[in-house]
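Source file: work06.csv; contents: CSV, C-alpha atoms.
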chain,number,residue,atom,x,y,z
Y,1,MET,CA,0.0,0.0,0.0
Y,2,PRO,CA,1.5,3.4,-1.0
Y,3,ALA,CA,2.3,6.0,1.7
Y,4,LEU,CA,-0.4,8.4,0.4
Y,5,THR,CA,-3.1,5.7,0.7
Y,6,ARG,CA,-2.0,5.0,4.3
Y,7,TRP,CA,-2.4,8.7,5.1
Y,8,PHE,CA,-5.8,8.8,3.4
Y,9,LEU,CA,-7.0,5.7,5.2
Y,10,ARG,CA,-5.7,6.7,8.6
Y,11,SER,CA,-7.2,10.2,8.3
Y,12,ALA,CA,-10.5,8.6,7.1
Y,13,LEU,CA,-10.6,6.4,10.2
Y,14,ILE,CA,-9.9,9.4,12.5
Y,15,SER,CA,-12.7,11.4,10.7
Y,16,PHE,CA,-15.0,8.4,11.2
Y,17,ILE,CA,-14.3,8.3,14.9
Y,18,LEU,CA,-14.7,12.0,15.3
Y,19,ALA,CA,-18.0,12.0,13.3
Y,20,LEU,CA,-19.4,9.3,15.6
Y,21,LEU,CA,-18.2,10.9,18.8
Y,22,LEU,CA,-19.9,14.1,17.6
Y,23,GLY,CA,-23.0,12.1,16.7
Y,24,LEU,CA,-23.0,10.6,20.2
Y,25,VAL,CA,-22.9,14.1,21.9
Y,26,ILE,CA,-25.8,15.2,19.6
Y,27,ALA,CA,-27.8,12.1,20.5
Y,28,ALA,CA,-27.1,12.5,24.2
Y,29,ARG,CA,-28.4,16.1,24.3
Y,30,ALA,CA,-32.1,15.3,24.8
Y,31,PRO,CA,-31.9,12.3,27.3
Y,32,LEU,CA,-29.2,13.9,29.4
Y,33,ASN,CA,-30.6,17.4,29.2
Y,34,LEU,CA,-27.3,18.8,27.8
Y,35,GLU,CA,-27.2,22.4,26.7
Y,36,PHE,CA,-25.5,21.6,23.4
Y,37,PRO,CA,-26.3,23.5,20.2
Y,38,ALA,CA,-26.9,20.5,18.0
Y,39,SER,CA,-28.0,22.4,15.0
Y,40,ALA,CA,-24.7,24.2,14.9
Y,41,PHE,CA,-22.8,20.9,14.8
Y,42,SER,CA,-25.1,18.7,12.6
Y,43,PRO,CA,-23.6,19.8,9.2
Y,44,VAL,CA,-20.1,19.1,10.7
Y,45,PHE,CA,-21.2,15.6,11.7
Y,46,PHE,CA,-22.6,14.9,8.2
Y,47,HIS,CA,-19.4,16.2,6.4
Y,48,LEU,CA,-17.0,14.5,8.8
Y,49,PHE,CA,-18.9,11.3,7.8
Y,50,MET,CA,-19.3,11.8,4.0
Y,51,VAL,CA,-16.2,13.8,3.2
Y,52,GLY,CA,-13.8,12.9,6.0
Y,53,TRP,CA,-14.7,9.2,6.1
Y,54,VAL,CA,-16.5,8.0,2.9
Y,55,ALA,CA,-14.8,10.2,0.3
Y,56,GLN,CA,-11.4,10.0,1.8
Y,57,LEU,CA,-11.5,6.2,2.1
Y,58,ILE,CA,-12.5,6.1,-1.6
Y,59,PHE,CA,-9.7,8.6,-2.6
Y,60,GLY,CA,-7.1,6.4,-0.8
Y,61,VAL,CA,-8.3,3.1,-2.3
Y,62,VAL,CA,-8.6,4.6,-5.8
Y,63,PHE,CA,-5.1,6.0,-5.7
Y,64,TRP,CA,-3.9,2.5,-4.6
Y,65,MET,CA,-5.9,0.2,-6.8
Y,66,PHE,CA,-7.1,1.8,-10.0
Y,67,PRO,CA,-5.5,0.9,-13.4
Y,68,LYS,CA,-2.0,2.3,-14.0
Y,69,TYR,CA,-1.9,5.7,-15.6
Y,70,SER,CA,1.4,5.0,-17.4
Y,71,ARG,CA,4.6,3.0,-16.9
Y,72,GLU,CA,6.5,6.1,-15.7
Y,73,GLN,CA,3.6,7.4,-13.5
Y,74,PRO,CA,1.6,4.4,-12.5
Y,75,ARG,CA,-0.5,6.3,-10.0
Y,76,GLY,CA,-0.7,9.6,-11.9
Y,77,SER,CA,0.9,12.6,-10.2
Y,78,GLU,CA,2.0,11.8,-6.6
Y,79,ALA,CA,2.2,15.6,-6.0
Y,80,LEU,CA,-1.4,16.1,-7.0
Y,81,GLY,CA,-2.4,13.2,-4.8
Y,82,TRP,CA,-0.7,14.8,-1.8
Y,83,ALA,CA,-2.2,18.2,-2.7
Y,84,THR,CA,-5.6,16.5,-2.6
Y,85,PHE,CA,-4.9,15.0,0.8
Y,86,TRP,CA,-3.7,18.3,2.5
Y,87,LEU,CA,-6.3,20.6,0.9
Y,88,LEU,CA,-9.1,18.2,1.8
Y,89,ASN,CA,-8.0,17.8,5.4
Y,90,LEU,CA,-7.1,21.4,6.0
Y,91,GLY,CA,-10.4,22.5,4.5
Y,92,LEU,CA,-12.3,20.0,6.7
Y,93,ALA,CA,-10.4,21.1,9.8
Y,94,LEU,CA,-11.3,24.8,9.1
Y,95,ARG,CA,-15.0,23.7,8.7
Y,96,LEU,CA,-14.9,21.9,12.0
Y,97,VAL,CA,-14.0,25.1,13.8
Y,98,GLY,CA,-15.5,27.7,11.5
Y,99,GLU,CA,-19.0,26.4,11.0
Y,100,PRO,CA,-20.2,26.0,14.6
Y,101,ALA,CA,-18.4,29.3,15.4
Y,102,GLN,CA,-20.2,31.1,12.6
Y,103,VAL,CA,-23.6,29.9,13.8
Y,104,LEU,CA,-23.0,30.6,17.5
Y,105,ALA,CA,-21.1,33.9,17.2
Y,106,PRO,CA,-21.1,35.2,13.7
Y,107,SER,CA,-18.2,37.3,12.7
Y,108,ARG,CA,-16.2,38.3,9.6
Y,109,LEU,CA,-13.3,36.1,10.8
Y,110,TRP,CA,-15.4,33.0,11.0
Y,111,GLY,CA,-17.1,33.8,7.8
Y,112,TRP,CA,-13.9,34.0,5.8
Y,113,LEU,CA,-12.6,30.9,7.6
Y,114,LEU,CA,-15.7,29.1,6.2
Y,115,ALA,CA,-15.1,30.6,2.7
Y,116,ALA,CA,-11.5,29.4,2.9
Y,117,SER,CA,-12.6,26.0,3.9
Y,118,ALA,CA,-15.0,25.8,1.0
Y,119,LEU,CA,-12.3,26.8,-1.5
Y,120,LEU,CA,-9.7,24.3,-0.1
Y,121,GLN,CA,-12.2,21.4,-0.2
Y,122,TRP,CA,-13.4,22.3,-3.7
Y,123,LEU,CA,-9.8,22.5,-4.9
Y,124,ALA,CA,-9.1,19.0,-3.4
Y,125,GLY,CA,-12.1,17.6,-5.2
Y,126,MET,CA,-11.2,19.1,-8.6
Y,127,ILE,CA,-7.5,18.0,-8.3
Y,128,PHE,CA,-8.7,14.4,-7.4
Y,129,VAL,CA,-10.9,14.3,-10.5
Y,130,ILE,CA,-8.1,15.6,-12.7
Y,131,ASN,CA,-5.6,13.1,-11.3
Y,132,THR,CA,-7.9,10.2,-11.5
Y,133,TRP,CA,-9.7,10.7,-14.8
Y,134,GLY,CA,-6.8,9.2,-16.9
Y,135,ARG,CA,-6.8,6.0,-14.8
Y,136,VAL,CA,-10.4,5.2,-15.5
Y,137,LYS,CA,-10.0,3.3,-18.7
Y,138,GLU,CA,-10.6,-0.1,-20.4
Y,139,ARG,CA,-7.7,-2.4,-20.3
O,1,MET,CA,-11.7,-2.3,-16.2
O,2,PRO,CA,-14.8,-3.2,-18.3
O,3,ARG,CA,-16.4,-0.5,-20.4
O,4,LEU,CA,-19.5,-0.2,-18.2
O,5,SER,CA,-17.4,0.4,-15.1
O,6,VAL,CA,-15.6,3.2,-17.0
O,7,TRP,CA,-19.0,4.8,-17.6
O,8,TYR,CA,-20.1,4.4,-14.0
O,9,ILE,CA,-16.9,5.7,-12.5
O,10,ARG,CA,-16.5,8.6,-15.0
O,11,ALA,CA,-20.1,9.6,-14.3
O,12,ALA,CA,-19.3,9.4,-10.5
O,13,LEU,CA,-16.3,11.7,-11.0
O,14,VAL,CA,-18.4,14.2,-12.9
O,15,TYR,CA,-21.0,14.2,-10.1
O,16,LEU,CA,-18.2,14.6,-7.6
O,17,LEU,CA,-17.1,17.7,-9.5
O,18,LEU,CA,-20.6,19.1,-9.5
O,19,GLY,CA,-21.4,18.0,-6.0
O,20,PHE,CA,-18.3,19.6,-4.6
O,21,THR,CA,-18.9,22.8,-6.6
O,22,PHE,CA,-22.4,23.2,-5.3
O,23,GLY,CA,-21.3,22.3,-1.8
O,24,GLY,CA,-18.4,24.7,-2.0
O,25,LEU,CA,-20.7,27.5,-3.1
O,26,LEU,CA,-23.1,26.7,-0.2
O,27,LEU,CA,-20.4,26.7,2.4
O,28,PHE,CA,-18.8,29.9,1.0
O,29,HIS,CA,-22.2,31.5,1.1
O,30,LYS,CA,-22.7,30.4,4.7
O,31,GLY,CA,-19.5,32.3,5.6
O,32,VAL,CA,-19.6,35.2,3.1
O,33,PRO,CA,-23.2,35.7,1.7
O,34,LEU,CA,-23.3,35.7,-2.1
O,35,HIS,CA,-27.0,35.3,-3.0
O,36,PRO,CA,-30.0,33.9,-1.1
O,37,THR,CA,-31.2,31.7,-4.0
O,38,LEU,CA,-28.0,29.6,-3.7
O,39,TRP,CA,-29.8,27.5,-1.1
O,40,ARG,CA,-31.8,26.0,-3.9
O,41,LEU,CA,-28.7,24.1,-4.8
O,42,LEU,CA,-28.9,22.1,-1.5
O,43,PRO,CA,-31.1,19.2,-2.8
O,44,ALA,CA,-29.0,18.8,-6.0
O,45,HIS,CA,-25.8,18.9,-3.9
O,46,ILE,CA,-27.0,16.1,-1.7
O,47,GLU,CA,-28.2,14.0,-4.7
O,48,PHE,CA,-25.0,14.5,-6.6
O,49,VAL,CA,-22.7,13.6,-3.7
O,50,PHE,CA,-24.8,10.7,-2.4
O,51,PHE,CA,-26.2,9.0,-5.5
O,52,GLY,CA,-24.2,10.5,-8.3
O,53,TRP,CA,-20.8,10.1,-6.7
O,54,THR,CA,-20.8,7.5,-3.9
O,55,VAL,CA,-23.4,5.1,-5.1
O,56,GLN,CA,-22.3,5.1,-8.7
O,57,LEU,CA,-18.7,4.6,-7.8
O,58,ILE,CA,-19.7,1.6,-5.7
O,59,LEU,CA,-21.8,0.1,-8.5
O,60,GLY,CA,-19.0,0.7,-11.1
O,61,MET,CA,-16.5,-1.1,-8.8
O,62,ALA,CA,-18.9,-3.9,-8.1
O,63,PHE,CA,-19.5,-4.5,-11.8
O,64,TRP,CA,-15.7,-4.6,-12.2
O,65,ILE,CA,-14.6,-6.8,-9.3
O,66,LEU,CA,-17.5,-9.2,-8.5
O,67,PRO,CA,-16.7,-12.8,-9.4
O,68,ARG,CA,-17.1,-13.6,-13.1
O,69,PHE,CA,-18.5,-16.7,-14.8
O,70,ALA,CA,-16.4,-19.3,-16.5
O,71,LYS,CA,-18.5,-19.1,-19.8
O,72,PRO,CA,-19.5,-15.9,-21.6
O,73,PRO,CA,-21.1,-13.6,-20.8
O,74,VAL,CA,-18.5,-13.6,-18.0
O,75,ARG,CA,-20.1,-10.7,-16.2
O,76,GLY,CA,-23.6,-12.2,-16.4
O,77,ASN,CA,-26.6,-10.1,-17.6
O,78,GLU,CA,-24.8,-7.0,-18.8
O,79,PRO,CA,-27.9,-5.3,-20.4
O,80,LEU,CA,-29.5,-5.2,-17.0
O,81,ALA,CA,-26.4,-3.4,-15.6
O,82,TRP,CA,-26.5,-0.9,-18.5
O,83,ALA,CA,-30.2,-0.3,-17.9
O,84,ALA,CA,-29.4,0.4,-14.2
O,85,PHE,CA,-26.8,2.9,-15.3
O,86,ILE,CA,-29.3,4.7,-17.6
O,87,ALA,CA,-32.1,4.7,-15.1
O,88,ILE,CA,-30.0,5.8,-12.1
O,89,ASN,CA,-28.6,8.7,-14.1
O,90,ALA,CA,-32.0,9.7,-15.4
O,91,GLY,CA,-33.2,9.7,-11.8
O,92,ILE,CA,-30.4,11.9,-10.6
O,93,LEU,CA,-30.9,14.4,-13.4
O,94,LEU,CA,-34.7,14.6,-12.8
O,95,LEU,CA,-34.2,15.1,-9.0
O,96,ALA,CA,-31.5,17.8,-9.7
O,97,ALA,CA,-33.9,19.5,-12.1
O,98,ALA,CA,-36.6,19.4,-9.5
O,99,SER,CA,-34.4,21.5,-7.1
O,100,PHE,CA,-34.8,24.5,-9.4
O,101,LEU,CA,-38.5,24.1,-10.5
O,102,PRO,CA,-41.4,25.2,-8.3
O,103,GLY,CA,-44.2,22.6,-7.7
O,104,SER,CA,-42.0,19.7,-8.9
O,105,GLY,CA,-43.6,16.9,-6.9
O,106,TRP,CA,-44.1,14.7,-10.0
O,107,LEU,CA,-40.6,15.3,-11.1
O,108,ILE,CA,-39.3,14.2,-7.7
O,109,LEU,CA,-41.5,11.1,-7.8
O,110,ALA,CA,-40.3,10.2,-11.4
O,111,GLY,CA,-36.7,10.7,-10.3
O,112,ARG,CA,-37.0,8.5,-7.3
O,113,ALA,CA,-38.9,5.9,-9.4
O,114,ALA,CA,-36.1,5.9,-12.0
O,115,GLU,CA,-33.4,5.5,-9.3
O,116,THR,CA,-35.4,2.6,-7.6
O,117,MET,CA,-35.8,0.8,-10.9
O,118,GLY,CA,-32.1,1.3,-11.6
O,119,VAL,CA,-31.2,-0.2,-8.2
O,120,ILE,CA,-33.5,-3.1,-8.7
O,121,ALA,CA,-32.0,-3.8,-12.1
O,122,PHE,CA,-28.5,-3.7,-10.7
O,123,ALA,CA,-29.4,-6.0,-7.8
O,124,LEU,CA,-30.8,-8.5,-10.3
O,125,HIS,CA,-27.6,-8.3,-12.3
O,126,ALA,CA,-25.3,-8.6,-9.3
O,127,TRP,CA,-27.3,-11.3,-7.4
O,128,PRO,CA,-25.9,-14.4,-9.3
O,129,ARG,CA,-22.4,-13.0,-9.2
O,130,VAL,CA,-22.4,-12.8,-5.4
O,131,ARG,CA,-21.0,-16.3,-4.8
O,132,ALA,CA,-17.9,-18.2,-3.8
O,133,SER,CA,-15.6,-17.6,-6.7
Would you mind writing the file's structure down as structure tokens?
Amino acid sequence: MPALTRWFLRSALISFILALLLGLVIAARAPLNLEFPASAFSPVFFHLFMVGWVAQLIFGVVFWMFPKYSREQPRGSEALGWATFWLLNLGLALRLVGEPAQVLAPSRLWGWLLAASALLQWLAGMIFVINTWGRVKER
Amino acid sequence: MPRLSVWYIRAALVYLLLGFTFGGLLLFHKGVPLHPTLWRLLPAHIEFVFFGWTVQLILGMAFWILPRFAKPPVRGNEPLAWAAFIAINAGILLLAAASFLPGSGWLILAGRAAETMGVIAFALHAWPRVRAS
């Protein structure tokens, strides 16, 4: 398994655990009478699950197992692969902080943090598509 | 990778591109307001990311890697899997269109029906291939 795939899969597992821990707190709010603003954290829960866990797991496995791009670059561009990893995780981390903060105490700082998060994750997705497209081919 | 898997997975990548673009616009708008009508992208964003990207990638991979038969057609009933591809994509597009049209209850019903028929067709294709290889 290539190093980048190991990073993707480990990061995916961490996101999965974080998503479920957050889901646990959200679920505990009513029965334990916790004063926890669930609505501020629900989108973070969904995106930790769907982007951090599901998409990232797919990205890692695709990088590892899809057909070779070429003899010289069997997995396409490694640099673009690493760019996808860091942009996605940095974007997700900014969302983790910025989204609840923007709901609970809106400010220009949190707003631009969210905008930066959006740009980073979008770039990660676009770079993944560019780097993967050439590997989706008939033998 | 068989031709149908190429179609499923390339379609999944296109929906990833669209889903991330719509999602990126929505998140940006949450932080720095752009235009209130952007919220109409939300149902299409969810449909593209969930069905368009994740589900289609899984179906494309399944068509590729599930056990094959010794005699042709080695991947079983391929026309059923092609029908599933067409129905699922028709469903996704109908549901995405419904996001932007007022009073689109029938469009939503048609989209969900197409997706359901597509999933049933794929299950019928895959069922005999799910076996000890």
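Within 12 Å of Leu90 in chain Y, once only C-alpha atoms are used and residues closer than 6 positions along the same chain are dropped, the contacting residues are Ser11, Gly52, Ala83, Thr84, Leu96, Val97, Gly98, Leu113, Leu114, Ala116, Ser117, Ala118, Leu119, Leu120, Gln121, Trp122, Leu123 and Ala124 of chain Y.
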Residues within 7 Å of range 111-114 of chain O, please, as a PDB file with C-alpha atoms, keeping the file's coordinate frame. Count all atoms listed in the file; anything in the same chain fewer than 5 positions from it doesn't count.
ATOM      1  CA  ALA O  87     -32.100   4.700 -15.100  1.00  0.00           C
ATOM      2  CA  ILE O  88     -30.000   5.800 -12.100  1.00  0.00           C
ATOM      3  CA  ALA O  90     -32.000   9.700 -15.400  1.00  0.00           C
ATOM      4  CA  GLY O  91     -33.200   9.700 -11.800  1.00  0.00           C
ATOM      5  CA  ILE O  92     -30.400  11.900 -10.600  1.00  0.00           C
ATOM      6  CA  LEU O  94     -34.700  14.600 -12.800  1.00  0.00           C
ATOM      7  CA  LEU O  95     -34.200  15.100  -9.000  1.00  0.00           C
TER       8      LEU O  95
END
Selection: 12 Å around Gln102 in chain Y, all atoms listed in the file, excl. self and same-chain fewer than 5 positions, as a VMD selection string: (chain Y and resid 39 to 41 94 to 97 107 to 115) or (chain O and resid 27 to 32)
Nearest to Thr21 in chain O by atom-to-atom distance, counting all atoms listed in the file, from Y:Lys68, Y:Leu22, Y:Gly125, Y:Gly76: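 Closest to Thr21 in chain O of all the choices is Y:Gly125.
Remark: residues at most 12 Å from position (-29.1, 3.6, -18.9) in file coordinates are Leu4, Trp7, Tyr8, Ala11, Glu78, Pro79, Leu80, Ala81, Trp82, Ala83, Ala84, Phe85, Ile86, Ala87, Ile88, Asn89, Ala90, Gly91, Ile92, Ala114, Glu115, Met117, Gly118, Val119, Ala121 and Phe122 of chain O, using only C-alpha atoms.
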Counting only C-alpha atoms, the residue of Y:Asn131, Y:Asn33, Y:Ser15, Y:Thr5 that sits nearest Ala79 in chain Y: Y:Asn131
Interatomic distance, CA of Phe51 in chain O to CA of Val103 in chain Y (Å, one decimal):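 We find that CA of Phe51 in chain O and CA of Val103 in chain Y lie 28.6 Å from each other.
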Separation of CA of Leu4 in chain Y from CA of Gly81 in chain Y, in Å and rounded to one decimal: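 We find that CA of Leu4 in chain Y and CA of Gly81 in chain Y lie 7.4 Å from each other.
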Interface residues on chain O facing chain Y, 9 Å, all atoms listed in the file, written as a PyMOL selection string: chain O and resi 1-3+5-7+9-10+13-14+16-17+20-21+23-33+49-50+54+57
CA of His47 in chain Y to CA of Arg40 in chain O, straight-line distance in Å: 18.9 Å
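Polymer residues near (-25.2, 19.7, 18.4): counting all atoms listed in the file with a cut-off of 9 Å, they are Leu22, Gly23, Val25, Ile26, Ala27, Arg29, Glu35, Phe36, Pro37, Ala38, Ser39, Ala40, Phe41, Ser42, Phe45 and Pro100 of chain Y.
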Nearest residue to Val62 in chain Y from the set O:Val130, O:Ile58, O:Leu109, O:His35 (distances using all atoms listed in the file):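 Residue with the minimum atom-to-atom distance to Val62 in chain Y: O:Ile58.
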Please reconstruct the missing atoms of range 30-60 of chain O (target: N, CA and C atoms) and return them as a tab-separated table (two decimals), keeping the file's coordinate frame.
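Saved as selection.tsv:
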chain	number	residue	atom	x	y	z
O	30	LYS	N	-22.40	30.44	3.30
O	30	LYS	CA	-22.70	30.40	4.70
O	30	LYS	C	-21.71	31.41	5.46
O	31	GLY	N	-20.49	31.48	4.97
O	31	GLY	CA	-19.50	32.30	5.60
O	31	GLY	C	-19.56	33.77	5.08
O	32	VAL	N	-19.62	33.89	3.76
O	32	VAL	CA	-19.60	35.20	3.10
O	32	VAL	C	-20.80	35.21	2.13
O	33	PRO	N	-21.94	35.80	2.54
O	33	PRO	CA	-23.20	35.70	1.70
O	33	PRO	C	-22.94	36.18	0.28
O	34	LEU	N	-23.41	35.33	-0.66
O	34	LEU	CA	-23.30	35.70	-2.10
O	34	LEU	C	-24.66	36.02	-2.67
O	35	HIS	N	-25.61	35.06	-2.54
O	35	HIS	CA	-27.00	35.30	-3.00
O	35	HIS	C	-27.93	34.33	-2.37
O	36	PRO	N	-29.08	34.81	-1.88
O	36	PRO	CA	-30.00	33.90	-1.10
O	36	PRO	C	-30.50	32.72	-1.91
O	37	THR	N	-30.61	32.85	-3.23
O	37	THR	CA	-31.20	31.70	-4.00
O	37	THR	C	-30.21	30.54	-4.10
O	38	LEU	N	-28.96	30.74	-3.64
O	38	LEU	CA	-28.00	29.60	-3.70
O	38	LEU	C	-28.50	28.42	-2.88
O	39	TRP	N	-29.35	28.67	-1.87
O	39	TRP	CA	-29.80	27.50	-1.10
O	39	TRP	C	-30.64	26.54	-1.87
O	40	ARG	N	-31.10	26.96	-3.05
O	40	ARG	CA	-31.80	26.00	-3.90
O	40	ARG	C	-30.92	24.92	-4.44
O	41	LEU	N	-29.61	25.12	-4.32
O	41	LEU	CA	-28.70	24.10	-4.80
O	41	LEU	C	-28.58	22.91	-3.80
O	42	LEU	N	-29.11	23.08	-2.57
O	42	LEU	CA	-28.90	22.10	-1.50
O	42	LEU	C	-29.40	20.66	-1.93
O	43	PRO	N	-30.66	20.52	-2.40
O	43	PRO	CA	-31.10	19.20	-2.80
O	43	PRO	C	-30.24	18.53	-3.87
O	44	ALA	N	-29.85	19.35	-4.86
O	44	ALA	CA	-29.00	18.80	-6.00
O	44	ALA	C	-27.63	18.44	-5.41
O	45	HIS	N	-27.10	19.25	-4.49
O	45	HIS	CA	-25.80	18.90	-3.90
O	45	HIS	C	-25.85	17.57	-3.20
O	46	ILE	N	-26.90	17.34	-2.41
O	46	ILE	CA	-27.00	16.10	-1.70
O	46	ILE	C	-27.17	14.91	-2.68
O	47	GLU	N	-28.01	15.10	-3.70
O	47	GLU	CA	-28.20	14.00	-4.70
O	47	GLU	C	-26.96	13.71	-5.47
O	48	PHE	N	-26.23	14.74	-5.85
O	48	PHE	CA	-25.00	14.50	-6.60
O	48	PHE	C	-23.94	13.79	-5.81
O	49	VAL	N	-23.78	14.22	-4.55
O	49	VAL	CA	-22.70	13.60	-3.70
O	49	VAL	C	-23.09	12.21	-3.31
O	50	PHE	N	-24.35	12.02	-2.92
O	50	PHE	CA	-24.80	10.70	-2.40
O	50	PHE	C	-24.97	9.69	-3.51
O	51	PHE	N	-25.91	9.96	-4.39
O	51	PHE	CA	-26.20	9.00	-5.50
O	51	PHE	C	-25.28	9.09	-6.63
O	52	GLY	N	-25.02	10.33	-7.07
O	52	GLY	CA	-24.20	10.50	-8.30
O	52	GLY	C	-22.77	10.04	-8.07
O	53	TRP	N	-22.17	10.42	-6.95
O	53	TRP	CA	-20.80	10.10	-6.70
O	53	TRP	C	-20.61	8.77	-5.97
O	54	THR	N	-21.10	8.71	-4.73
O	54	THR	CA	-20.80	7.50	-3.90
O	54	THR	C	-21.43	6.27	-4.41
O	55	VAL	N	-22.73	6.29	-4.66
O	55	VAL	CA	-23.40	5.10	-5.10
O	55	VAL	C	-22.91	4.60	-6.44
O	56	GLN	N	-22.75	5.54	-7.38
O	56	GLN	CA	-22.30	5.10	-8.70
O	56	GLN	C	-20.89	4.57	-8.73
O	57	LEU	N	-20.03	5.14	-7.88
O	57	LEU	CA	-18.70	4.60	-7.80
O	57	LEU	C	-18.70	3.17	-7.29
O	58	ILE	N	-19.54	2.93	-6.28
O	58	ILE	CA	-19.70	1.60	-5.70
O	58	ILE	C	-20.18	0.60	-6.78
O	59	LEU	N	-21.20	1.03	-7.53
O	59	LEU	CA	-21.80	0.10	-8.50
O	59	LEU	C	-20.76	-0.16	-9.65
O	60	GLY	N	-20.01	0.86	-10.05
O	60	GLY	CA	-19.00	0.70	-11.10
O	60	GLY	C	-17.89	-0.30	-10.60
